[in-house]
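Containing mmCIF, C-alpha atoms: start_39.cif.
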data_final
loop_
_atom_site.label_atom_id
_atom_site.label_comp_id
_atom_site.auth_asym_id
_atom_site.auth_seq_id
_atom_site.Cartn_x
_atom_site.Cartn_y
_atom_site.Cartn_z
CA MET A 1081 -16.23 71.29 34.50
CA SER A 1082 -12.72 71.40 33.29
CA ALA A 1083 -10.41 68.46 32.76
CA ASP A 1084 -8.54 69.49 35.90
CA SER A 1085 -11.66 69.19 37.99
CA GLN A 1086 -12.33 65.51 37.02
CA PRO A 1087 -11.47 63.00 39.62
CA GLN A 1088 -8.10 61.37 39.12
CA GLY A 1089 -9.56 57.82 39.00
CA THR A 1090 -11.72 58.59 35.95
CA ALA A 1091 -8.71 59.63 33.86
CA ALA A 1092 -6.85 56.46 34.81
CA ARG A 1093 -9.84 54.29 33.84
CA SER A 1094 -10.21 55.91 30.42
CA SER A 1095 -6.51 55.36 29.63
CA GLN A 1096 -6.85 51.69 30.67
CA ARG A 1097 -9.85 51.27 28.33
CA GLU A 1098 -7.91 52.65 25.39
CA GLY A 1099 -5.04 50.21 26.04
CA ARG A 1100 -7.44 47.25 26.33
CA ARG A 1101 -9.11 47.91 22.97
CA GLY A 1102 -5.84 47.29 21.14
CA PHE A 1103 -5.14 44.21 23.25
CA ALA A 1104 -8.54 42.69 22.44
CA LEU A 1105 -7.87 42.93 18.70
CA ALA A 1106 -4.44 41.30 19.08
CA ALA A 1107 -5.90 38.54 21.30
CA ALA A 1108 -8.68 37.83 18.79
CA LEU A 1109 -6.19 37.61 15.91
CA LEU A 1110 -3.96 35.30 17.94
CA ALA A 1111 -6.92 33.07 18.80
CA LEU A 1112 -7.92 32.89 15.11
CA LEU A 1113 -4.36 32.01 14.18
CA LEU A 1114 -4.23 29.19 16.74
CA ILE A 1115 -7.61 27.82 15.68
CA SER A 1116 -6.62 27.85 12.00
CA ALA A 1117 -3.33 26.08 12.85
CA LEU A 1118 -5.26 23.37 14.72
CA ILE A 1119 -7.69 22.90 11.82
CA THR A 1120 -4.78 22.70 9.36
CA GLY A 1121 -3.11 20.05 11.54
CA VAL A 1122 -6.29 17.99 11.71
CA LEU A 1123 -6.74 18.15 7.93
CA PHE A 1124 -3.10 17.12 7.38
CA ALA A 1125 -3.42 14.18 9.79
CA THR A 1126 -6.66 13.06 8.12
CA THR A 1127 -5.06 13.21 4.68
CA GLU A 1128 -2.09 11.13 5.83
CA GLU A 1129 -4.36 8.54 7.45
CA THR A 1130 -6.33 8.28 4.22
CA ARG A 1131 -3.14 7.74 2.21
CA VAL A 1132 -1.99 5.03 4.60
CA GLY A 1133 -5.36 3.29 4.36
CA ILE A 1134 -5.36 3.41 0.56
CA ALA A 1135 -1.80 2.04 0.40
CA SER A 1136 -2.74 -0.79 2.76
CA ALA A 1137 -5.77 -1.70 0.66
CA GLU A 1138 -3.70 -1.60 -2.54
CA ARG A 1139 -1.05 -3.87 -0.98
CA GLN A 1140 -3.71 -6.38 0.04
CA LEU A 1141 -5.27 -6.26 -3.43
CA ALA A 1142 -1.87 -6.85 -5.04
CA LEU A 1143 -1.17 -9.81 -2.73
CA SER A 1144 -4.56 -11.34 -3.49
CA ALA A 1145 -3.97 -10.87 -7.21
CA ALA A 1146 -0.55 -12.55 -6.99
CA GLU A 1147 -1.97 -15.50 -5.03
CA SER A 1148 -4.86 -15.87 -7.46
CA ALA A 1149 -2.53 -15.72 -10.46
CA VAL A 1150 -0.44 -18.57 -9.04
CA GLU A 1151 -3.56 -20.63 -8.40
CA MET A 1152 -4.91 -19.93 -11.88
CA THR A 1153 -1.57 -20.89 -13.41
CA ILE A 1154 -1.50 -24.16 -11.50
CA ALA A 1155 -5.15 -24.93 -12.25
CA GLY A 1156 -4.73 -24.01 -15.93
CA ARG A 1157 -1.82 -26.40 -16.32
CA ASN A 1158 0.28 -23.60 -17.84
CA ILE A 1159 3.41 -25.27 -16.53
CA ASP A 1160 3.20 -27.64 -19.49
CA SER A 1161 4.35 -24.81 -21.77
CA VAL A 1162 7.58 -24.56 -19.75
CA ALA A 1163 8.33 -28.27 -20.17
CA SER A 1164 9.78 -27.49 -23.59
CA VAL A 1165 12.24 -25.06 -21.98
CA GLY A 1166 15.43 -26.61 -20.64
CA VAL A 1167 16.51 -26.70 -17.02
CA SER A 1168 16.89 -23.16 -15.62
CA GLY A 1169 14.81 -21.81 -18.49
CA THR A 1170 12.08 -19.30 -17.70
CA ARG A 1171 8.79 -18.53 -19.35
CA THR A 1172 6.63 -15.52 -18.46
CA ILE A 1173 2.85 -15.64 -18.58
CA ALA A 1174 0.58 -12.60 -18.24
CA VAL A 1175 -2.48 -13.39 -16.16
CA GLY A 1176 -5.43 -11.05 -16.66
CA GLY A 1177 -8.66 -10.37 -14.89
CA PHE A 1178 -7.22 -8.45 -11.95
CA GLY A 1179 -6.91 -4.75 -11.18
CA PRO A 1180 -3.12 -4.88 -10.93
CA THR A 1181 -0.97 -6.22 -13.75
CA VAL A 1182 0.15 -9.76 -12.86
CA MET A 1183 3.05 -11.55 -14.48
CA VAL A 1184 3.88 -15.15 -13.56
CA HIS A 1185 7.46 -16.24 -14.21
CA ILE A 1186 7.89 -20.02 -14.28
CA THR A 1187 11.44 -21.34 -14.01
CA ARG A 1188 12.24 -24.99 -14.51
CA LEU A 1189 14.62 -26.13 -11.76
CA ASP A 1190 14.99 -29.76 -12.82
CA SER A 1191 12.93 -32.44 -14.56
CA THR A 1192 10.04 -32.20 -12.07
CA LEU A 1193 10.54 -29.04 -9.98
CA TYR A 1194 9.37 -25.57 -11.01
CA TRP A 1195 9.71 -22.19 -9.29
CA MET A 1196 6.74 -19.91 -9.93
CA VAL A 1197 6.99 -16.20 -9.11
CA ALA A 1198 3.88 -14.05 -9.39
CA ASP A 1199 4.56 -10.32 -9.53
CA ALA A 1200 1.50 -8.10 -9.10
CA SER A 1201 1.84 -4.35 -9.50
CA ALA A 1202 -0.31 -1.41 -10.46
CA PRO A 1203 0.07 -0.01 -14.00
CA PRO A 1204 3.12 2.29 -14.41
CA PRO A 1205 1.44 5.67 -13.76
CA ASP A 1206 0.09 4.31 -10.46
CA SER A 1207 2.91 1.90 -9.62
CA ARG A 1208 3.04 2.62 -5.93
CA VAL A 1209 2.47 -0.95 -4.78
CA SER A 1210 3.98 -4.23 -5.86
CA ARG A 1211 3.73 -7.66 -4.26
CA ARG A 1212 5.61 -10.77 -5.26
CA ILE A 1213 5.15 -14.34 -4.12
CA GLY A 1214 6.97 -17.50 -5.03
CA VAL A 1215 5.81 -21.11 -5.07
CA VAL A 1216 7.76 -24.31 -5.62
CA VAL A 1217 5.75 -27.03 -7.34
CA ARG A 1218 6.44 -30.55 -8.53
CA VAL A 1219 5.00 -31.80 -11.79
CA LEU A 1220 4.33 -35.50 -11.86
CA ARG A 1221 3.24 -37.39 -14.95
CA GLY A 1222 0.99 -40.38 -14.65
CA ALA A 1223 1.21 -43.59 -16.65
CA ASP A 1224 -1.63 -42.31 -18.82
CA HIS A 1225 0.38 -39.10 -19.50
CA SER A 1226 -1.83 -37.09 -17.16
CA ILE A 1227 -0.21 -34.22 -15.29
CA VAL A 1228 -0.45 -33.73 -11.54
CA ILE A 1229 0.89 -30.49 -10.09
CA ASP A 1230 1.80 -30.89 -6.45
CA ARG A 1231 3.00 -28.17 -4.10
CA ILE A 1232 6.10 -29.00 -2.10
CA SER A 1233 4.79 -29.66 1.39
CA GLU A 1234 7.66 -27.96 3.24
CA ARG A 1235 6.64 -24.32 2.93
CA SER A 1236 6.16 -24.06 -0.80
CA TRP A 1237 4.70 -20.54 -0.70
CA SER A 1238 6.73 -17.48 0.30
CA GLU A 1239 6.42 -13.74 -0.04
CA LEU A 1240 9.35 -12.18 -1.87
CA PHE A 1241 10.54 -8.61 -1.53
#

Could you show the structure in this file as structure tokens?
Amino acid sequence: MSADSQPQGTAARSSQREGRRGFALAAALLALLLISALITGVLFATTEETRVGIASAERQLALSAAESAVEMTIAGRNIDSVASVGVSGTRTIAVGGFGPTVMVHITRLDSTLYWMVADASAPPPDSRVSRRIGVVVRVLRGADHSIVIDRISERSWSELF
């Protein structure tokens, strides 16, 4: 049989098949591209969520370190060393034992009032997070020369930015 003797429908079907083969390859490549874009988006979102979680944990650790440093300074009676400094004088104490570096700055406001600022931050290469709190305390001396450190009852503690 010659090509002229083939039914006309068979020729049309074979030309449609040839056109579809090229379309299937393009559709498969497009589907792979879309799937890879979705996977990339999911990985990016997961990475960002992880970074946010780490930053939140570091901020909480820095706040806890600053609070603990203030409490250790009060409990250790380190304010006594500032008594020799005049009014508005400041002394800085490094408090160790924490992950972040914690510096406590004690400023004498008057004869009995002191302003304590604890600044907790990660070491310089990692210094992404820093928290600072301030506390106003009153130092009272007893008749027997004992020292009592009392927090001011009207909101003595505050977070500084």

Quiz item: With only C-alpha atoms as the atoms that count, which of A:Leu1113, A:Ile1134, A:Ile1232, A:Ala1149 lies nearest to Ala1174 of chain A?
Solution: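 Among the listed residues, the smallest separation from Ala1174 of chain A belongs to A:Ala1149.
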
Compile a residue-level contact table for segment 1120-1193 of chain A against segment 1209-1216 of chain A at a cut-off of 8 Å, reporting for every qualifying residue the shortest atom pair and its distance in Å to one decimal, with only C-alpha atoms counted, rows ordered by chain and ascending number, as a tab-separated table.
residue	atom	partner	partner_atom	distance
A:Ala1135	CA	A:Val1209	CA	7.3
A:Glu1138	CA	A:Val1209	CA	6.6
A:Arg1139	CA	A:Val1209	CA	5.9
A:Ala1142	CA	A:Arg1211	CA	5.7
A:Leu1143	CA	A:Arg1211	CA	5.6
A:Ala1146	CA	A:Ile1213	CA	6.6
A:Glu1147	CA	A:Ile1213	CA	7.3
A:Val1150	CA	A:Val1215	CA	7.8
A:Leu1193	CA	A:Val1216	CA	7.0

Using C-alpha atoms, can you write the selected residues to a file as a PDB file, in the coordinates of the input?
ATOM      1  CA  ALA A1135      -1.800   2.040   0.400  1.00  0.00           C
ATOM      2  CA  GLU A1138      -3.700  -1.600  -2.540  1.00  0.00           C
ATOM      3  CA  ARG A1139      -1.050  -3.870  -0.980  1.00  0.00           C
ATOM      4  CA  ALA A1142      -1.870  -6.850  -5.040  1.00  0.00           C
ATOM      5  CA  LEU A1143      -1.170  -9.810  -2.730  1.00  0.00           C
ATOM      6  CA  ALA A1146      -0.550 -12.550  -6.990  1.00  0.00           C
ATOM      7  CA  GLU A1147      -1.970 -15.500  -5.030  1.00  0.00           C
ATOM      8  CA  VAL A1150      -0.440 -18.570  -9.040  1.00  0.00           C
ATOM      9  CA  LEU A1193      10.540 -29.040  -9.980  1.00  0.00           C
TER      10      LEU A1193
END

Quiz item: Of the residues A:Ala1137, A:Leu1114, A:Ile1186, A:Ala1202, which is the one nearest to Ser1168 of chain A, using only C-alpha atoms?
Solution: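 Once distances to Ser1168 of chain A are computed over only C-alpha atoms, the minimum belongs to A:Ile1186.
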
Exercise. Decode the PyMOL selection byres ((chain A and resi 1229) around 8) for the given file into explicit residues and return them as a list in words.
Key: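 Expected selection for the PyMOL selection byres ((chain A and resi 1229) around 8) here is Ile1154, Arg1157, Val1217, Arg1218, Val1219, Leu1220, Ile1227, Val1228, Asp1230 and Arg1231 of chain A.
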
Quiz item: How far is it from atom CA of Leu1118 of chain A to atom CA of Gly1102 of chain A, in Å with one decimal?
Solution: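 Computing the Euclidean distance for atom CA of Leu1118 of chain A and atom CA of Gly1102 of chain A yields 24.8 Å.
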
Self-check item: d(atom CA of Ser1136 of chain A, atom CA of Glu1239 of chain A) in Å
Solution: 16.1 Å

Self-check item: Between atom CA of Trp1195 of chain A and atom CA of Trp1237 of chain A - distance in Å to one decimal
Solution: 10.1 Å

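Minimum atom-to-atom distances from A:Thr1172, A:Ser1201, A:Thr1126, A:Ser1233 to Ser1144 of chain A were compared using all atoms listed in the file, and the lowest value belongs to A:Ser1201.
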
Quiz item: What residues have an atom no more than 7 Å from (10.1, -20.4, -17.6) in the file's own frame, counting all atoms listed in the file, and can you write them as a list in words?
Solution: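 Answer for this query, in the requested form: Val1162, Val1165, Gly1169, Thr1170, Arg1171, Thr1172, His1185, Ile1186, Thr1187 and Arg1188 of chain A.
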
Keeping only C-alpha atoms, write the selected residues as a CSV table (one decimal), keeping the file's coordinate frame.
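For reference, out-v5.csv as written:
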chain,number,residue,atom,x,y,z
A,1162,VAL,CA,7.6,-24.6,-19.8
A,1165,VAL,CA,12.2,-25.1,-22.0
A,1169,GLY,CA,14.8,-21.8,-18.5
A,1170,THR,CA,12.1,-19.3,-17.7
A,1171,ARG,CA,8.8,-18.5,-19.4
A,1172,THR,CA,6.6,-15.5,-18.5
A,1185,HIS,CA,7.5,-16.2,-14.2
A,1186,ILE,CA,7.9,-20.0,-14.3
A,1187,THR,CA,11.4,-21.3,-14.0
A,1188,ARG,CA,12.2,-25.0,-14.5

Quiz item: Given the choices A:Ser1148, A:Ser1164, A:Thr1120, A:Thr1130, which gets closest to Asp1199 of chain A if the distance is worked out from only C-alpha atoms?
Solution: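 Smallest separation from Asp1199 of chain A among the options: A:Ser1148.
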
Let me have the centre and edge lengths of the axis-aligned box enclosing all listed atoms of segment 1189-1202 of chain A with 4 Å padding on every side, in Å to one decimal, as lines of an AutoDock Vina configuration file.
center_x = 7.3
center_y = -16.9
center_z = -11.8
size_x = 23.3
size_y = 39.0
size_z = 13.5

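Minimum atom-to-atom distance to Glu1151 of chain A, evaluated using only C-alpha atoms, belongs to A:Ala1198 out of A:Leu1109, A:Gly1133, A:Ala1198, A:Gly1179.
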